[in-house]
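Visitor: First the structure, which I've put down as structure tokens, then a few questions once you've had a look.
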Amino acid sequence: MPFARLAAATTPTAHIGMGLAAVGRPGYITLGRESDLPPSRSVEALRERTFELLDAAYASGVRYVDVARSYGRSEEFLADWLHARPDHRDVVVGSKWGYTYTADWRTDVEGPHEVKDHSVAAYDRQRAESAALLGDRLDLYQIHSVTPESPALTDKELHARLAALAEEGVTVGLSVSGPGQAAAIRAALEVTVAGEPLFRTVQATYNLLETSAAPALAEAHDAGLTVIVKEGMANGRLAAPHAPAVLREVAEETGLGCDAVALAAVLRAPWAGVVLSGAATPVQLVSNLHAAAVDLDAGHLERLAELAEEPREYWTRRADLPWH
């Protein structure tokens, strides 16, 4: 598995990954994004910002990069960066299929910016698109945002396609979302092809506000899956100036930023294999990477645990975030 390369790494930041959701397209739901990105949201401006972030991440020991078909041009930007840095062969690349980006590089579109489709036809189309850009650099291909009712959990033809991809050497995983994350994870653990588990990784939202998937993620880890944590910053809700008072207090006591403390709490989970940074600027990235140095004691963790919200409340609020 590609994540064996990360397991062998000894740098403090080896288990922090770089997610490109915030810089692969001009619009996203992260708070504060309107001031984080260049005034021009042109393709070239965001390609340049992506290169800056990836260069800074690599220099700091980050070795996992996470993209998706629906993250605008994220796969293209990453492919261009990899082509320009041929010596960076130790980078582990993960992408996702199942959503199609429909905003056409605009932020003022009516309706959704991406459309979900977990059908075999969508997989065949998007697999070809990802292969055209990333070629043999694609290590992990994940089904994007699986929920308990997703047909991806029961479609035997799709499972056969994914098993064939695994035989080619690409690790197969899934990401989950919504208040039913735990149920989706447990259902995925039951999916087999020819008696063998299909999924080898699971990516889930887990942060100080949304902790409901923790028991299921521990089960996935115990079953041998690599756990990838997304949205550790709750789409900016845990970053200054939006951070809750308790988080600001703990950050002041540790001498590091709210973002570093929030991510450090996630890194403390024994099942967390890779925790993603969704930084949109190099300064944010450096601050995020300080998570590896945060020293949280039992008192800090007890106080931070009080921030957890009821899952449906959390996901309702997330759905209401505007696309900036």
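We name chains A, B, ... following the order of the structure tokens; residues begin at 1 in each chain, and ligands are numbered from 1 as shown.
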Would you mind listing what lies within 9 Å of stretch 235-248 of chain A as an NGL selection string, with only C-alpha atoms counted and same-chain residues fewer than 4 positions away left out?

Guide: :A and (29-33 or 207-209 or 231 or 252-253 or 257-262 or 278 or 303-304 or 306-307 or 318 or 321)

Visitor: Report as a count of residues only all protein, DNA and RNA residues lying within 9 Å of stretch 101-107 of chain A, evaluated on only C-alpha atoms, omitting residues in the same chain fewer than 3 positions from it.

Guide: 19

Visitor: Quick one: everything within 12 Å of A:Leu165, counting only C-alpha atoms, minus sequence neighbours fewer than 5 positions away in the same chain. Send it as a list in words.

Guide: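 Everything that qualifies: Tyr123, Asp124, Arg127, Ala128, Ala131, Leu138, Asp139, Leu140, Tyr141, Gln142, Leu158, His159, Ala160, Val170, Thr171, Val172, Gly173, Leu198 and Phe199 of chain A.
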
Visitor: Keeping only all heavy atoms, write the selected residues as a short mmCIF file (atom, residue, chain, number, x, y, z; two decimals), in the first residue's frame.

Guide:
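Output saved as result-v6.cif:
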data_model
loop_
_atom_site.label_atom_id
_atom_site.label_comp_id
_atom_site.auth_asym_id
_atom_site.auth_seq_id
_atom_site.Cartn_x
_atom_site.Cartn_y
_atom_site.Cartn_z
N TYR A 123 -18.01 6.36 -12.81
CA TYR A 123 -16.68 5.86 -12.47
C TYR A 123 -15.83 5.69 -13.73
O TYR A 123 -14.67 6.14 -13.76
CB TYR A 123 -16.77 4.53 -11.73
CG TYR A 123 -15.42 3.84 -11.65
CD1 TYR A 123 -14.45 4.28 -10.76
CD2 TYR A 123 -15.09 2.80 -12.52
CE1 TYR A 123 -13.20 3.68 -10.70
CE2 TYR A 123 -13.84 2.19 -12.47
CZ TYR A 123 -12.91 2.63 -11.56
OH TYR A 123 -11.66 2.06 -11.52
N ASP A 124 -16.37 5.06 -14.75
CA ASP A 124 -15.59 4.83 -15.97
C ASP A 124 -15.12 6.15 -16.57
O ASP A 124 -13.97 6.28 -16.99
CB ASP A 124 -16.45 4.07 -16.99
CG ASP A 124 -16.65 2.60 -16.62
OD1 ASP A 124 -15.90 2.09 -15.77
OD2 ASP A 124 -17.58 1.98 -17.17
N ARG A 127 -12.60 7.91 -14.01
CA ARG A 127 -11.34 7.16 -13.92
C ARG A 127 -10.46 7.48 -15.12
O ARG A 127 -9.25 7.69 -14.98
CB ARG A 127 -11.63 5.66 -13.85
CG ARG A 127 -10.41 4.76 -14.03
CD ARG A 127 -9.39 4.96 -12.93
NE ARG A 127 -8.16 4.20 -13.21
CZ ARG A 127 -6.94 4.66 -13.04
NH1 ARG A 127 -6.75 5.90 -12.60
NH2 ARG A 127 -5.89 3.92 -13.31
N ALA A 128 -11.05 7.55 -16.30
CA ALA A 128 -10.28 7.88 -17.51
C ALA A 128 -9.74 9.30 -17.42
O ALA A 128 -8.59 9.57 -17.82
CB ALA A 128 -11.15 7.72 -18.75
N ALA A 131 -6.84 9.32 -14.94
CA ALA A 131 -5.69 8.63 -15.51
C ALA A 131 -4.98 9.50 -16.54
O ALA A 131 -3.75 9.49 -16.63
CB ALA A 131 -6.12 7.31 -16.14
N LEU A 138 -1.01 8.15 -9.61
CA LEU A 138 -2.17 7.98 -8.75
C LEU A 138 -2.00 6.74 -7.88
O LEU A 138 -1.95 5.63 -8.37
CB LEU A 138 -3.45 7.87 -9.59
CG LEU A 138 -4.76 7.72 -8.80
CD1 LEU A 138 -5.02 8.97 -7.97
CD2 LEU A 138 -5.93 7.44 -9.73
N ASP A 139 -1.91 6.94 -6.57
CA ASP A 139 -1.73 5.83 -5.63
C ASP A 139 -3.05 5.36 -5.04
O ASP A 139 -3.21 4.17 -4.76
CB ASP A 139 -0.83 6.27 -4.48
CG ASP A 139 0.57 6.60 -4.92
OD1 ASP A 139 1.25 5.69 -5.43
OD2 ASP A 139 1.00 7.76 -4.78
N LEU A 140 -3.98 6.28 -4.82
CA LEU A 140 -5.22 5.99 -4.12
C LEU A 140 -6.39 6.62 -4.86
O LEU A 140 -6.34 7.81 -5.20
CB LEU A 140 -5.16 6.55 -2.69
CG LEU A 140 -6.46 6.64 -1.90
CD1 LEU A 140 -7.03 5.25 -1.61
CD2 LEU A 140 -6.25 7.41 -0.60
N TYR A 141 -7.45 5.85 -5.12
CA TYR A 141 -8.66 6.37 -5.77
C TYR A 141 -9.83 6.06 -4.85
O TYR A 141 -10.09 4.90 -4.53
CB TYR A 141 -8.85 5.74 -7.14
CG TYR A 141 -9.51 6.65 -8.15
CD1 TYR A 141 -9.23 8.01 -8.19
CD2 TYR A 141 -10.39 6.13 -9.10
CE1 TYR A 141 -9.83 8.84 -9.13
CE2 TYR A 141 -10.98 6.95 -10.05
CZ TYR A 141 -10.69 8.31 -10.06
OH TYR A 141 -11.28 9.14 -11.00
N GLN A 142 -10.53 7.14 -4.44
CA GLN A 142 -11.58 7.02 -3.44
C GLN A 142 -12.95 7.38 -4.03
O GLN A 142 -13.05 8.29 -4.85
CB GLN A 142 -11.30 7.98 -2.28
CG GLN A 142 -9.91 7.81 -1.66
CD GLN A 142 -9.46 9.05 -0.94
OE1 GLN A 142 -9.71 9.22 0.25
NE2 GLN A 142 -8.79 9.96 -1.65
N LEU A 158 -19.91 -2.16 -9.87
CA LEU A 158 -18.94 -1.15 -9.47
C LEU A 158 -17.84 -1.77 -8.62
O LEU A 158 -16.65 -1.47 -8.81
CB LEU A 158 -19.64 -0.03 -8.69
CG LEU A 158 -18.71 1.05 -8.12
CD1 LEU A 158 -17.96 1.77 -9.23
CD2 LEU A 158 -19.51 2.04 -7.28
N HIS A 159 -18.22 -2.64 -7.71
CA HIS A 159 -17.21 -3.30 -6.86
C HIS A 159 -16.21 -4.08 -7.71
O HIS A 159 -15.01 -4.08 -7.42
CB HIS A 159 -17.90 -4.23 -5.85
CG HIS A 159 -18.78 -3.50 -4.89
ND1 HIS A 159 -19.67 -4.17 -4.06
CD2 HIS A 159 -18.93 -2.18 -4.62
CE1 HIS A 159 -20.31 -3.28 -3.32
NE2 HIS A 159 -19.89 -2.07 -3.64
N ALA A 160 -16.71 -4.74 -8.75
CA ALA A 160 -15.81 -5.49 -9.63
C ALA A 160 -14.85 -4.56 -10.35
O ALA A 160 -13.66 -4.88 -10.52
CB ALA A 160 -16.63 -6.29 -10.64
N VAL A 170 -3.52 0.21 -7.78
CA VAL A 170 -4.05 1.43 -7.18
C VAL A 170 -4.88 1.05 -5.96
O VAL A 170 -5.76 0.19 -6.04
CB VAL A 170 -4.93 2.20 -8.19
CG1 VAL A 170 -5.54 3.44 -7.53
CG2 VAL A 170 -4.12 2.60 -9.41
N THR A 171 -4.60 1.66 -4.83
CA THR A 171 -5.38 1.39 -3.62
C THR A 171 -6.78 1.97 -3.77
O THR A 171 -6.95 3.07 -4.29
CB THR A 171 -4.67 2.00 -2.40
OG1 THR A 171 -3.41 1.35 -2.23
CG2 THR A 171 -5.50 1.83 -1.13
N VAL A 172 -7.78 1.25 -3.32
CA VAL A 172 -9.18 1.67 -3.42
C VAL A 172 -9.68 2.08 -2.03
O VAL A 172 -9.50 1.36 -1.05
CB VAL A 172 -10.06 0.54 -3.98
CG1 VAL A 172 -11.54 0.89 -3.90
CG2 VAL A 172 -9.66 0.24 -5.43
N GLY A 173 -10.30 3.26 -1.96
CA GLY A 173 -10.83 3.74 -0.70
C GLY A 173 -12.13 4.48 -0.91
O GLY A 173 -12.69 4.49 -2.01
N LEU A 198 -12.81 -4.84 0.05
CA LEU A 198 -12.57 -3.99 -1.11
C LEU A 198 -11.82 -2.72 -0.73
O LEU A 198 -10.87 -2.33 -1.40
CB LEU A 198 -13.89 -3.63 -1.78
CG LEU A 198 -13.80 -2.66 -2.98
CD1 LEU A 198 -12.94 -3.26 -4.10
CD2 LEU A 198 -15.20 -2.33 -3.49
N PHE A 199 -12.24 -2.07 0.34
CA PHE A 199 -11.71 -0.76 0.68
C PHE A 199 -10.54 -0.88 1.64
O PHE A 199 -10.60 -1.59 2.65
CB PHE A 199 -12.81 0.11 1.30
CG PHE A 199 -13.99 0.32 0.39
CD1 PHE A 199 -15.22 -0.25 0.67
CD2 PHE A 199 -13.85 1.08 -0.77
CE1 PHE A 199 -16.30 -0.06 -0.17
CE2 PHE A 199 -14.93 1.26 -1.63
CZ PHE A 199 -16.15 0.69 -1.33
#

Visitor: Which residues, written as a VMD selection string, have at least one atom at most 9 Å from A:Val274, with only C-alpha atoms counted and residues fewer than 3 positions away on the same chain left out?

Guide: chain A and resid 6 14 to 17 64 226 to 230 267

Visitor: Name the residues of stretch 161-263 of chain A that come out as strand (DSSP E) in a backbone DSSP run; write them as a PyMOL selection string.

Guide: chain A and resi 171-176+192-193+196-197+201-205+226-230

Visitor: DSSP on the backbone: what in stretch 62-155 of chain A comes out helix (DSSP H, G or I), as a PyMOL selection string?

Guide: chain A and resi 74-84+120-137+151-153

Visitor: Pick from A:Gly169, A:Asp55, A:Pro2, A:Ala122: nearest to A:Val92, with only C-alpha atoms counted?

Guide: A:Pro2

Visitor: Mind checking which residues fall within 7 Å of A:Thr147, counting only C-alpha atoms, ignoring those fewer than 3 positions away in the same chain, and posting them as a ChimeraX atom specification?

Guide: /A:150,176-178,180-181,184

Visitor: Selected residues, C-alpha atoms, written as an mmCIF file, in the first residue's frame, please.

Guide:
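That gives us part.cif:
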data_model
loop_
_atom_site.group_PDB
_atom_site.id
_atom_site.type_symbol
_atom_site.label_atom_id
_atom_site.label_comp_id
_atom_site.auth_asym_id
_atom_site.auth_seq_id
_atom_site.Cartn_x
_atom_site.Cartn_y
_atom_site.Cartn_z
ATOM 1 C CA SER A 150 -25.200 5.424 -1.543
ATOM 2 C CA VAL A 176 -17.783 9.617 3.808
ATOM 3 C CA SER A 177 -19.827 12.634 4.793
ATOM 4 C CA GLY A 178 -22.988 13.680 6.593
ATOM 5 C CA GLY A 180 -24.475 9.075 9.012
ATOM 6 C CA GLN A 181 -20.704 8.787 8.544
ATOM 7 C CA ALA A 184 -21.412 4.387 6.011
#

Visitor: Got a sec: who's within 12 Å of A:Ala183, counting only C-alpha atoms, leaving out chain neighbours fewer than 5 positions off, as a ChimeraX atom specification?

Guide: /A:146-150,153,176-178,188-190,204,212-217,219-220

Visitor: Please identify all polymer residues within 9 Å of A:Leu289, counting only C-alpha atoms, omitting same-chain residues fewer than 3 positions from it, and present them as a list in words.

Guide: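 The neighbour list is Pro12, Thr13, Ile16, Ala57, Ser60, Val62, Ala260, Leu263, Ser277, Gln284, Leu285, Val286, Ala292 and Ala293 of chain A.
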
Visitor: If you keep all heavy atoms, can you produce a file of those selected residues as a PDB file, in the first residue's frame?

Guide:
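That gives us again-v4.pdb:
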ATOM      1  N   PRO A  12       8.198  14.854  11.766  1.00  0.00           N
ATOM      2  CA  PRO A  12       6.983  15.102  12.560  1.00  0.00           C
ATOM      3  C   PRO A  12       5.746  15.365  11.714  1.00  0.00           C
ATOM      4  O   PRO A  12       4.628  15.091  12.155  1.00  0.00           O
ATOM      5  CB  PRO A  12       7.360  16.340  13.382  1.00  0.00           C
ATOM      6  CG  PRO A  12       8.852  16.333  13.433  1.00  0.00           C
ATOM      7  CD  PRO A  12       9.285  15.763  12.122  1.00  0.00           C
ATOM      8  N   THR A  13       5.937  15.881  10.508  1.00  0.00           N
ATOM      9  CA  THR A  13       4.799  16.252   9.668  1.00  0.00           C
ATOM     10  C   THR A  13       4.400  15.160   8.686  1.00  0.00           C
ATOM     11  O   THR A  13       3.528  15.374   7.845  1.00  0.00           O
ATOM     12  CB  THR A  13       5.125  17.526   8.876  1.00  0.00           C
ATOM     13  OG1 THR A  13       6.331  17.319   8.125  1.00  0.00           O
ATOM     14  CG2 THR A  13       5.318  18.711   9.807  1.00  0.00           C
ATOM     15  N   ILE A  16       0.709  14.529   8.293  1.00  0.00           N
ATOM     16  CA  ILE A  16      -0.144  15.643   7.894  1.00  0.00           C
ATOM     17  C   ILE A  16      -0.115  15.703   6.370  1.00  0.00           C
ATOM     18  O   ILE A  16       0.957  15.682   5.769  1.00  0.00           O
ATOM     19  CB  ILE A  16       0.331  16.970   8.502  1.00  0.00           C
ATOM     20  CG1 ILE A  16       0.289  16.906  10.025  1.00  0.00           C
ATOM     21  CG2 ILE A  16      -0.531  18.125   7.995  1.00  0.00           C
ATOM     22  CD1 ILE A  16       0.801  18.149  10.720  1.00  0.00           C
ATOM     23  N   ALA A  57       4.802  22.641   1.446  1.00  0.00           N
ATOM     24  CA  ALA A  57       4.441  21.406   2.139  1.00  0.00           C
ATOM     25  C   ALA A  57       5.543  20.364   1.993  1.00  0.00           C
ATOM     26  O   ALA A  57       5.943  19.720   2.976  1.00  0.00           O
ATOM     27  CB  ALA A  57       3.117  20.874   1.589  1.00  0.00           C
ATOM     28  N   SER A  60       8.530  20.926   4.043  1.00  0.00           N
ATOM     29  CA  SER A  60       8.274  20.741   5.472  1.00  0.00           C
ATOM     30  C   SER A  60       8.033  19.283   5.846  1.00  0.00           C
ATOM     31  O   SER A  60       7.712  18.992   6.998  1.00  0.00           O
ATOM     32  CB  SER A  60       7.066  21.581   5.895  1.00  0.00           C
ATOM     33  OG  SER A  60       7.312  22.956   5.687  1.00  0.00           O
ATOM     34  N   VAL A  62       5.743  17.117   4.318  1.00  0.00           N
ATOM     35  CA  VAL A  62       4.438  16.579   3.930  1.00  0.00           C
ATOM     36  C   VAL A  62       4.617  15.710   2.692  1.00  0.00           C
ATOM     37  O   VAL A  62       5.259  16.124   1.725  1.00  0.00           O
ATOM     38  CB  VAL A  62       3.437  17.710   3.654  1.00  0.00           C
ATOM     39  CG1 VAL A  62       2.129  17.155   3.094  1.00  0.00           C
ATOM     40  CG2 VAL A  62       3.184  18.506   4.927  1.00  0.00           C
ATOM     41  N   ALA A 260      -3.474  25.092  14.836  1.00  0.00           N
ATOM     42  CA  ALA A 260      -2.514  24.062  15.235  1.00  0.00           C
ATOM     43  C   ALA A 260      -3.076  23.217  16.376  1.00  0.00           C
ATOM     44  O   ALA A 260      -2.927  21.986  16.395  1.00  0.00           O
ATOM     45  CB  ALA A 260      -1.191  24.702  15.646  1.00  0.00           C
ATOM     46  N   LEU A 263      -5.900  20.851  14.998  1.00  0.00           N
ATOM     47  CA  LEU A 263      -5.349  19.713  14.264  1.00  0.00           C
ATOM     48  C   LEU A 263      -4.564  18.776  15.180  1.00  0.00           C
ATOM     49  O   LEU A 263      -4.558  17.557  14.984  1.00  0.00           O
ATOM     50  CB  LEU A 263      -4.466  20.204  13.118  1.00  0.00           C
ATOM     51  CG  LEU A 263      -5.198  20.954  11.998  1.00  0.00           C
ATOM     52  CD1 LEU A 263      -4.204  21.458  10.960  1.00  0.00           C
ATOM     53  CD2 LEU A 263      -6.248  20.065  11.333  1.00  0.00           C
ATOM     54  N   SER A 277      -4.407  19.079   5.922  1.00  0.00           N
ATOM     55  CA  SER A 277      -4.457  20.537   6.007  1.00  0.00           C
ATOM     56  C   SER A 277      -5.139  21.039   4.740  1.00  0.00           C
ATOM     57  O   SER A 277      -4.811  20.590   3.643  1.00  0.00           O
ATOM     58  CB  SER A 277      -3.039  21.129   6.078  1.00  0.00           C
ATOM     59  OG  SER A 277      -3.059  22.522   5.785  1.00  0.00           O
ATOM     60  N   GLN A 284      -0.750  29.992   6.383  1.00  0.00           N
ATOM     61  CA  GLN A 284      -1.684  29.077   7.034  1.00  0.00           C
ATOM     62  C   GLN A 284      -1.099  27.681   7.120  1.00  0.00           C
ATOM     63  O   GLN A 284      -1.254  26.993   8.135  1.00  0.00           O
ATOM     64  CB  GLN A 284      -3.008  29.034   6.257  1.00  0.00           C
ATOM     65  CG  GLN A 284      -3.865  30.274   6.382  1.00  0.00           C
ATOM     66  CD  GLN A 284      -5.128  30.171   5.533  1.00  0.00           C
ATOM     67  OE1 GLN A 284      -5.289  29.224   4.759  1.00  0.00           O
ATOM     68  NE2 GLN A 284      -6.004  31.151   5.660  1.00  0.00           N
ATOM     69  N   LEU A 285      -0.451  27.244   6.067  1.00  0.00           N
ATOM     70  CA  LEU A 285       0.126  25.903   6.053  1.00  0.00           C
ATOM     71  C   LEU A 285       1.165  25.749   7.149  1.00  0.00           C
ATOM     72  O   LEU A 285       1.150  24.766   7.904  1.00  0.00           O
ATOM     73  CB  LEU A 285       0.753  25.614   4.691  1.00  0.00           C
ATOM     74  CG  LEU A 285       1.513  24.287   4.592  1.00  0.00           C
ATOM     75  CD1 LEU A 285       0.583  23.104   4.810  1.00  0.00           C
ATOM     76  CD2 LEU A 285       2.219  24.178   3.242  1.00  0.00           C
ATOM     77  N   VAL A 286       2.068  26.719   7.255  1.00  0.00           N
ATOM     78  CA  VAL A 286       3.103  26.646   8.292  1.00  0.00           C
ATOM     79  C   VAL A 286       2.464  26.591   9.671  1.00  0.00           C
ATOM     80  O   VAL A 286       2.874  25.813  10.538  1.00  0.00           O
ATOM     81  CB  VAL A 286       4.053  27.849   8.181  1.00  0.00           C
ATOM     82  CG1 VAL A 286       4.984  27.909   9.388  1.00  0.00           C
ATOM     83  CG2 VAL A 286       4.878  27.764   6.906  1.00  0.00           C
ATOM     84  N   ALA A 292       2.051  19.398  14.848  1.00  0.00           N
ATOM     85  CA  ALA A 292       2.920  18.291  15.248  1.00  0.00           C
ATOM     86  C   ALA A 292       3.714  18.608  16.517  1.00  0.00           C
ATOM     87  O   ALA A 292       4.240  17.696  17.161  1.00  0.00           O
ATOM     88  CB  ALA A 292       3.877  17.953  14.111  1.00  0.00           C
ATOM     89  N   ALA A 293       3.777  19.909  16.882  1.00  0.00           N
ATOM     90  CA  ALA A 293       4.567  20.307  18.050  1.00  0.00           C
ATOM     91  C   ALA A 293       3.713  20.717  19.240  1.00  0.00           C
ATOM     92  O   ALA A 293       4.244  21.032  20.309  1.00  0.00           O
ATOM     93  CB  ALA A 293       5.490  21.465  17.675  1.00  0.00           C
TER      94      ALA A 293
END

Visitor: Nearest to A:Glu76 among A:Pro151, A:Gly195, A:Gly135, A:Gly299, with distances taken over only C-alpha atoms: which residue is it?

Guide: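 Using only C-alpha atoms, the shortest distance to A:Glu76 belongs to A:Gly135.
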
Visitor: Find, counting only C-alpha atoms, the residue in A:Leu46, A:Ala234, A:Leu20, A:Val294 that gets nearest to A:Ala308.

Guide: A:Ala234

Visitor: Using only C-alpha atoms, which of A:Pro322, A:Arg317, A:Tyr206, A:Val250 sits nearest A:Ala272?

Guide: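 Closest to A:Ala272 of all the choices is A:Tyr206.
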
Visitor: Hey, can you check how far atom CA of A:Ala132 sits from atom CA of A:Gly94?

Guide: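 Going from atom CA of A:Ala132 over to atom CA of A:Gly94, I get 14.8 Å.
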